[in-house]
$ cat query.csv   # CSV, C-alpha atoms
chain,number,residue,atom,x,y,z
A,1,MET,CA,-17.5,-3.9,-19.5
A,2,THR,CA,-16.7,-7.6,-19.2
A,3,LEU,CA,-15.9,-9.5,-16.0
A,4,PHE,CA,-12.2,-9.7,-16.8
A,5,GLU,CA,-12.0,-6.0,-17.9
A,6,ALA,CA,-13.7,-5.0,-14.6
A,7,LEU,CA,-11.3,-7.0,-12.4
A,8,GLY,CA,-8.1,-6.3,-14.4
A,9,PHE,CA,-7.1,-9.9,-15.0
A,10,GLN,CA,-8.4,-13.2,-16.5
A,11,TRP,CA,-8.4,-16.9,-15.6
A,12,ASP,CA,-9.5,-20.2,-17.1
A,13,ARG,CA,-12.9,-20.6,-15.5
A,14,ALA,CA,-12.7,-24.4,-16.2
A,15,ALA,CA,-9.9,-24.6,-13.6
A,16,VAL,CA,-12.4,-24.0,-10.8
A,17,PRO,CA,-13.9,-27.3,-9.4
A,18,LYS,CA,-17.6,-27.5,-9.0
A,19,ASP,CA,-17.8,-30.3,-6.5
A,20,ILE,CA,-16.1,-28.8,-3.4
A,21,PRO,CA,-17.9,-30.2,-0.3
A,22,ARG,CA,-20.3,-27.9,1.6
A,23,TYR,CA,-21.2,-28.1,5.2
A,24,SER,CA,-23.3,-26.3,7.7
A,25,LEU,CA,-22.3,-22.8,8.9
A,26,GLU,CA,-21.7,-24.3,12.3
A,27,ARG,CA,-19.3,-26.9,10.9
A,28,VAL,CA,-17.1,-24.6,8.9
A,29,SER,CA,-17.1,-22.0,11.7
A,30,PHE,CA,-16.0,-24.7,14.2
A,31,ARG,CA,-13.1,-25.8,11.9
A,32,PHE,CA,-12.0,-22.2,11.4
A,33,HIS,CA,-12.0,-21.6,15.2
A,34,LYS,CA,-10.1,-24.9,15.8
A,35,MET,CA,-7.5,-24.1,13.1
A,36,LEU,CA,-7.0,-20.5,14.2
A,37,PRO,CA,-3.5,-20.8,15.5
A,38,GLU,CA,-2.4,-22.5,12.3
A,39,PHE,CA,-4.2,-20.0,10.1
A,40,VAL,CA,-2.6,-17.1,12.0
A,41,TRP,CA,0.9,-18.6,11.9
A,42,ASP,CA,0.6,-19.4,8.1
A,43,ALA,CA,-0.4,-15.8,7.4
A,44,GLY,CA,2.4,-14.5,9.6
A,45,VAL,CA,5.0,-16.6,7.7
A,46,LEU,CA,3.7,-15.2,4.4
A,47,GLU,CA,4.6,-11.7,5.8
A,48,GLY,CA,8.0,-12.8,6.9
A,49,ASN,CA,7.0,-12.7,10.6
A,50,PRO,CA,9.5,-14.7,12.7
A,51,PHE,CA,7.0,-16.0,15.3
A,52,THR,CA,7.0,-19.8,15.5
A,53,PHE,CA,3.8,-21.8,15.7
A,54,PRO,CA,4.3,-22.5,19.5
A,55,GLU,CA,4.8,-18.8,20.0
A,56,VAL,CA,1.6,-18.0,18.1
A,57,LYS,CA,-0.3,-20.4,20.3
A,58,THR,CA,1.2,-18.8,23.4
A,59,LEU,CA,0.0,-15.4,22.3
A,60,LEU,CA,-3.5,-16.8,21.7
A,61,ASP,CA,-3.4,-18.0,25.3
A,62,GLY,CA,-2.9,-14.4,26.3
A,63,ILE,CA,0.8,-14.8,27.3
A,64,THR,CA,3.4,-12.5,25.8
A,65,VAL,CA,6.5,-13.9,24.1
A,66,GLY,CA,9.9,-12.5,25.2
A,67,GLY,CA,12.7,-11.7,22.7
A,68,ARG,CA,10.4,-10.7,19.9
A,69,ARG,CA,10.0,-7.2,18.4
A,70,ILE,CA,6.8,-5.4,19.4
A,71,SER,CA,5.9,-4.8,15.8
A,72,ASP,CA,6.1,-8.6,15.0
A,73,GLN,CA,4.0,-9.4,18.0
A,74,GLU,CA,1.4,-6.7,17.1
A,75,GLN,CA,1.2,-8.1,13.5
A,76,ILE,CA,0.3,-11.5,14.9
A,77,LEU,CA,-2.2,-10.0,17.4
A,78,ASN,CA,-3.8,-8.1,14.5
A,79,LEU,CA,-4.2,-11.3,12.6
A,80,VAL,CA,-5.8,-12.9,15.7
A,81,GLU,CA,-8.2,-10.1,16.2
A,82,SER,CA,-9.2,-9.9,12.5
A,83,SER,CA,-9.7,-13.7,12.4
A,84,LYS,CA,-12.0,-13.4,15.4
A,85,LEU,CA,-13.9,-10.6,13.8
A,86,LEU,CA,-14.3,-12.6,10.6
A,87,LEU,CA,-15.6,-15.6,12.5
A,88,LYS,CA,-18.1,-13.4,14.4
A,89,LEU,CA,-19.4,-11.9,11.2
A,90,VAL,CA,-19.8,-15.2,9.5
A,91,ARG,CA,-21.4,-16.9,12.5
A,92,SER,CA,-23.9,-14.1,12.9
A,93,GLY,CA,-24.8,-14.0,9.2
A,94,GLN,CA,-23.4,-10.4,9.0
A,95,PHE,CA,-20.5,-11.1,6.6
A,96,CYS,CA,-21.0,-9.3,3.3
A,97,LEU,CA,-18.8,-9.0,0.3
A,98,ASP,CA,-18.8,-5.2,0.3
A,99,LYS,CA,-16.6,-2.2,0.9
A,100,GLN,CA,-17.8,-1.7,4.5
A,101,THR,CA,-16.7,-5.2,5.6
A,102,PHE,CA,-13.5,-4.9,3.6
A,103,VAL,CA,-12.3,-1.7,5.3
A,104,HIS,CA,-13.6,-2.9,8.7
A,105,LEU,CA,-11.3,-6.0,8.5
A,106,HIS,CA,-8.4,-3.9,7.2
A,107,GLY,CA,-8.8,-1.7,10.2
A,108,LEU,CA,-7.7,-4.6,12.3
A,109,VAL,CA,-5.3,-6.4,9.9
A,110,ALA,CA,-3.1,-3.4,9.3
A,111,ARG,CA,-3.5,-1.5,12.5
A,112,ASN,CA,-0.3,0.5,13.4
A,113,GLU,CA,1.4,-1.2,10.5
A,114,ALA,CA,0.1,0.4,7.3
A,115,LEU,CA,0.6,4.1,6.6
A,116,GLU,CA,-3.2,4.4,7.2
A,117,TRP,CA,-5.7,1.8,7.8
A,118,GLY,CA,-9.5,1.3,7.8
A,119,HIS,CA,-10.1,3.2,4.5
A,120,PHE,CA,-9.0,3.1,0.8
A,121,ARG,CA,-5.9,5.0,-0.3
A,122,GLY,CA,-6.7,8.7,-0.8
A,123,GLU,CA,-9.7,8.7,1.6
A,124,GLY,CA,-7.6,9.8,4.5
A,125,ASP,CA,-4.9,12.4,5.1
A,126,GLU,CA,-2.2,10.8,2.8
A,127,CYS,CA,-2.9,11.6,-0.9
A,128,ASN,CA,0.5,11.7,-2.5
A,129,TYR,CA,2.1,8.3,-1.8
A,130,THR,CA,1.3,5.4,-4.2
A,131,PRO,CA,2.7,2.1,-2.9
A,132,ASP,CA,4.1,-0.5,-5.3
A,133,VAL,CA,4.8,-4.2,-5.1
A,134,GLY,CA,8.4,-5.5,-5.4
A,135,LEU,CA,8.7,-8.3,-8.0
A,136,GLY,CA,12.4,-9.0,-7.4
A,137,GLU,CA,14.4,-9.2,-10.7
A,138,GLN,CA,11.1,-8.6,-12.6
A,139,GLY,CA,11.0,-5.0,-11.3
A,140,ARG,CA,7.9,-3.5,-9.6
A,141,TYR,CA,4.2,-3.5,-10.0
A,142,THR,CA,2.5,-0.1,-9.6
A,143,PRO,CA,-1.3,0.0,-9.1
A,144,LEU,CA,-3.7,2.9,-9.6
A,145,PRO,CA,-2.4,6.1,-8.1
A,146,THR,CA,-3.4,7.5,-4.7
A,147,VAL,CA,-5.6,10.6,-5.4
A,148,LYS,CA,-7.4,12.8,-2.9
A,149,GLY,CA,-10.8,11.4,-2.1
A,150,GLY,CA,-9.9,8.0,-3.5
A,151,ALA,CA,-12.6,8.2,-6.2
A,152,ASN,CA,-10.6,6.2,-8.7
A,153,LEU,CA,-10.2,3.3,-6.3
A,154,ASP,CA,-13.8,3.5,-5.2
A,155,ALA,CA,-14.9,3.3,-8.8
A,156,ALA,CA,-12.6,0.4,-9.5
A,157,PHE,CA,-13.9,-1.5,-6.5
A,158,SER,CA,-17.5,-0.9,-7.4
A,159,ARG,CA,-17.0,-2.1,-11.0
A,160,GLY,CA,-15.1,-5.2,-9.9
A,161,LEU,CA,-17.6,-6.1,-7.2
A,162,ALA,CA,-20.6,-5.6,-9.5
A,163,ALA,CA,-19.0,-7.8,-12.1
A,164,LEU,CA,-18.3,-10.6,-9.6
A,165,ASN,CA,-21.8,-10.5,-8.2
A,166,ASP,CA,-23.4,-10.5,-11.7
A,167,GLU,CA,-21.2,-13.0,-13.5
A,168,VAL,CA,-19.6,-15.3,-10.8
A,169,PRO,CA,-22.3,-17.2,-8.9
A,170,ASP,CA,-20.0,-20.0,-7.7
A,171,ALA,CA,-18.8,-19.1,-4.2
A,172,PHE,CA,-15.3,-20.7,-4.5
A,173,GLU,CA,-14.6,-18.9,-7.8
A,174,LYS,CA,-16.0,-15.6,-6.4
A,175,GLY,CA,-13.9,-15.8,-3.2
A,176,ALA,CA,-10.7,-16.6,-5.1
A,177,ALA,CA,-11.3,-13.9,-7.7
A,178,PHE,CA,-11.9,-11.3,-5.0
A,179,PHE,CA,-8.7,-12.2,-3.2
A,180,LEU,CA,-6.7,-11.7,-6.4
A,181,PHE,CA,-8.7,-8.5,-7.3
A,182,GLY,CA,-7.8,-7.0,-3.9
A,183,ALA,CA,-4.2,-8.0,-4.2
A,184,LEU,CA,-3.9,-6.6,-7.7
A,185,GLN,CA,-5.7,-3.3,-7.2
A,186,GLN,CA,-3.9,-2.5,-3.9
A,187,PHE,CA,-6.8,-0.6,-2.3
A,188,PHE,CA,-4.8,0.0,0.9
A,189,PHE,CA,-1.3,1.2,1.6
A,190,ASP,CA,-0.4,-2.2,3.1
A,191,GLY,CA,-2.2,-5.4,4.2
A,192,ASN,CA,-3.9,-6.0,0.9
A,193,LYS,CA,-3.3,-9.7,0.4
A,194,ARG,CA,-4.1,-10.4,4.1
A,195,THR,CA,-7.3,-8.5,4.1
A,196,SER,CA,-8.4,-9.9,0.7
A,197,ARG,CA,-7.8,-13.5,1.9
A,198,PHE,CA,-10.0,-12.8,4.9
A,199,MET,CA,-12.7,-11.6,2.5
A,200,MET,CA,-12.2,-14.7,0.4
A,201,ASN,CA,-12.7,-16.9,3.4
A,202,GLY,CA,-15.7,-15.0,4.5
A,203,VAL,CA,-17.3,-15.8,1.1
A,204,LEU,CA,-16.3,-19.4,1.4
A,205,MET,CA,-17.5,-20.0,5.0
A,206,SER,CA,-20.8,-18.1,4.4
A,207,HIS,CA,-21.5,-20.7,1.7
A,208,GLY,CA,-20.6,-23.7,3.8
A,209,ILE,CA,-17.1,-24.1,2.3
A,210,ASP,CA,-14.1,-24.6,4.5
A,211,ALA,CA,-11.7,-21.6,4.7
A,212,ILE,CA,-8.3,-21.7,2.9
A,213,SER,CA,-5.0,-21.1,4.6
A,214,ILE,CA,-1.8,-20.8,2.5
A,215,PRO,CA,0.5,-23.3,4.3
A,216,ALA,CA,3.8,-21.8,5.6
A,217,ALA,CA,5.6,-24.6,3.7
A,218,LYS,CA,4.2,-23.2,0.4
A,219,ALA,CA,5.2,-19.6,1.1
A,220,GLN,CA,7.9,-19.5,-1.6
A,221,VAL,CA,5.7,-21.1,-4.2
A,222,PHE,CA,2.9,-18.7,-3.3
A,223,ASN,CA,5.2,-15.7,-3.8
A,224,GLU,CA,6.5,-17.0,-7.1
A,225,LYS,CA,3.0,-17.6,-8.5
A,226,MET,CA,1.9,-14.1,-7.3
A,227,ILE,CA,4.8,-12.5,-9.1
A,228,ARG,CA,3.7,-14.2,-12.3
A,229,PHE,CA,0.1,-13.1,-11.7
A,230,TYR,CA,1.2,-9.5,-11.3
A,231,LEU,CA,3.3,-9.7,-14.5
A,232,LYS,CA,0.9,-11.6,-16.8
A,233,ARG,CA,-2.5,-10.6,-15.3
A,234,ASP,CA,-3.5,-14.3,-15.7
A,235,ALA,CA,-4.9,-15.8,-12.5
A,236,THR,CA,-5.3,-19.4,-13.7
A,237,GLU,CA,-2.2,-20.6,-11.9
A,238,MET,CA,-3.2,-18.9,-8.7
A,239,VAL,CA,-6.7,-20.3,-8.8
A,240,ARG,CA,-5.3,-23.8,-9.2
A,241,PHE,CA,-2.9,-23.1,-6.3
A,242,LEU,CA,-5.8,-22.0,-4.1
A,243,VAL,CA,-7.7,-25.1,-5.0
A,244,ASP,CA,-4.7,-27.2,-4.1
A,245,CYS,CA,-4.6,-25.4,-0.7
A,246,HIS,CA,-8.2,-26.2,0.1
A,247,PRO,CA,-8.5,-29.2,2.5
A,248,GLU,CA,-11.0,-31.1,0.3
A,249,ALA,CA,-11.1,-29.6,-3.2
A,250,ARG,CA,-10.1,-31.9,-6.0
A,251,GLN,CA,-7.7,-30.3,-8.4
A,252,THR,CA,-8.9,-30.0,-12.0
A,253,PRO,CA,-6.3,-31.7,-14.3
A,254,GLU,CA,-4.1,-29.3,-16.3
A,255,PRO,CA,-4.3,-29.6,-20.1
A,256,ALA,CA,-2.0,-32.2,-21.6
A,257,PRO,CA,1.3,-30.8,-23.1
A,258,GLY,CA,0.7,-29.4,-26.6
A,259,LEU,CA,-3.0,-28.9,-26.1
A,260,PRO,CA,-4.7,-25.5,-25.7
A,261,PRO,CA,-6.2,-24.6,-22.4
A,262,ALA,CA,-9.9,-25.0,-21.8
A,263,PRO,CA,-11.9,-22.0,-23.2
A,264,SER,CA,-12.2,-19.0,-20.9
A,265,ASP,CA,-14.4,-15.9,-20.9
A,266,SER,CA,-11.6,-13.5,-21.6
A,267,HIS,CA,-8.2,-11.8,-20.5
A,268,ALA,CA,-5.8,-12.1,-15.9
A,269,ASP,CA,0.2,-8.1,-3.9
A,270,GLU,CA,1.2,-6.6,-1.7
$ encode --input "query.csv" --output "structure tokens"
Amino acid sequence: MTLFEALGFQWDRAAVPKDIPRYSLERVSFRFHKMLPEFVWDAGVLEGNPFTFPEVKTLLDGITVGGRRISDQEQILNLVESSKLLLKLVRSGQFCLDKQTFVHLHGLVARNEALEWGHFRGEGDECNYTPDVGLGEQGRYTPLPTVKGGANLDAAFSRGLAALNDEVPDAFEKGAAFFLFGALQQFFFDGNKRTSRFMMNGVLMSHGIDAISIPAAKAQVFNEKMIRFYLKRDATEMVRFLVDCHPEARQTPEPAPGLPPAPSDSHADE
């Protein structure tokens, strides 16, 4: 099975820059810690959370914010706690691109928000509900069904992870691909994109690359591009978008009009 078959989507591998700056683990961890309020606020905006940036900073200071729904506040606090967990794992050298880390982070990201959290769909009590992703006027995207025991999702995860480890040595490309893999396969009932972005940033920081945050100002663009990703299974546009969101990555020029794209290896929410 090829890389693209294992993941369920394709992308133009030439779209990934090879000269993204790398730093020490201490340097990238410090930046992530310093940017934590912004990262949490950006992630909240992508979920439609109404908390403002000052309110997020207030929560980080341990002060509650009046006039906000408890569920909105809990979502922000979950993002804070999962960010801190990610930072701890990276700093200690314990971050690993594996199922155990994936479900551990999800247990904080989607706590009291998802139908179940901290395990794949089908591995808990709920075995009949399969979530789908709304694509607006384009309809809905439905992932693999939820089945008792979750063997189908576990097998899909194992195939995809093995392909990434075997065929994608570049950390930026691997992290970006894992984010889109998790978003497409919908391993959890909710919180898939958030958790998969944490895993992406764990891969990046573990290799000395600054973490990526999707700016709140680009939320609409992000959603539009993700819809096209779900529809076409081509991740080239999203990979370029993630490169553009990185603080120091230089974007690879798009092909000139009328010219075919650079050769690629094969076929590309919540």
$ closest_atom_pairs --input "query.csv" --of "range 142-224 of chain A" --to "range 115-120 of chain A" --cutoff "10 Å" --atoms "all atoms listed in the file" --output "tab-separated table"
residue	atom	partner	partner_atom	distance
A:Thr146	CA	A:Phe120	CA	9.0
A:Gly149	CA	A:Phe120	CA	9.0
A:Gly150	CA	A:Phe120	CA	6.6
A:Ala151	CA	A:Phe120	CA	9.4
A:Leu153	CA	A:Phe120	CA	7.2
A:Asp154	CA	A:Phe120	CA	7.7
A:Phe157	CA	A:Phe120	CA	9.9
A:Gln186	CA	A:Phe120	CA	8.9
A:Phe187	CA	A:Phe120	CA	5.3
A:Phe188	CA	A:Phe120	CA	5.2
A:Phe189	CA	A:Leu115	CA	6.1
A:Asp190	CA	A:Leu115	CA	7.3
A:Gly191	CA	A:Trp117	CA	8.8
$ residues_around --input "query.csv" --residues "Thr58 in chain A" --least-positions-apart "5" --cutoff "12 Å" --atoms "all atoms listed in the file" --output "list in words"
Pro37, Trp41, Phe51, Thr52, Phe53, Ile63, Thr64, Val65, Gly66, Gln73, Ile76, Leu77 and Val80 of chain A
$ atom_distance --input "query.csv" --atom1 "CA of Ala217 in chain A" --atom2 "CA of Pro54 in chain A"
16.0 Å
$ closest_residue --input "query.csv" --among "A:Ala177, A:Pro21, A:Leu36, A:Gln100" --to "Lys57 in chain A" --atoms "only C-alpha atoms"
A:Leu36
$ closest_atom_pairs --input "query.csv" --of "range 93-184 of chain A" --to "range 16-19 of chain A" --cutoff "10 Å" --atoms "all atoms listed in the file" --output "tab-separated table"
residue	atom	partner	partner_atom	distance
A:Asp170	CA	A:Lys18	CA	8.0
A:Ala171	CA	A:Lys18	CA	9.7
A:Phe172	CA	A:Val16	CA	7.7
A:Glu173	CA	A:Val16	CA	6.3
A:Ala176	CA	A:Val16	CA	9.5
$ atom_distance --input "query.csv" --atom1 "CA of Gln185 in chain A" --atom2 "CA of Ala216 in chain A"
24.4 Å
$ residues_near_point --input "query.csv" --point "(-1.1, -18.1, 9.3)" --cutoff "10 Å" --atoms "all atoms listed in the file" --output "number ranges by chain"
A: 35-47, 49, 53, 56, 76, 79-80, 194, 213-216
$ residues_around --input "query.csv" --residues "Leu85 in chain A" --least-positions-apart "3" --cutoff "10 Å" --atoms "all atoms listed in the file" --output "MDAnalysis selection string"
chainID A and resid 79:82 88:91 95 104:105 108 198
$ atom_distance --input "query.csv" --atom1 "CA of Val109 in chain A" --atom2 "CA of Asn78 in chain A"
5.1 Å
$ closest_residue --input "query.csv" --among "A:Thr130, A:Gln10, A:Gln75, A:Ser206" --to "Gly48 in chain A" --atoms "all atoms listed in the file"
A:Gln75
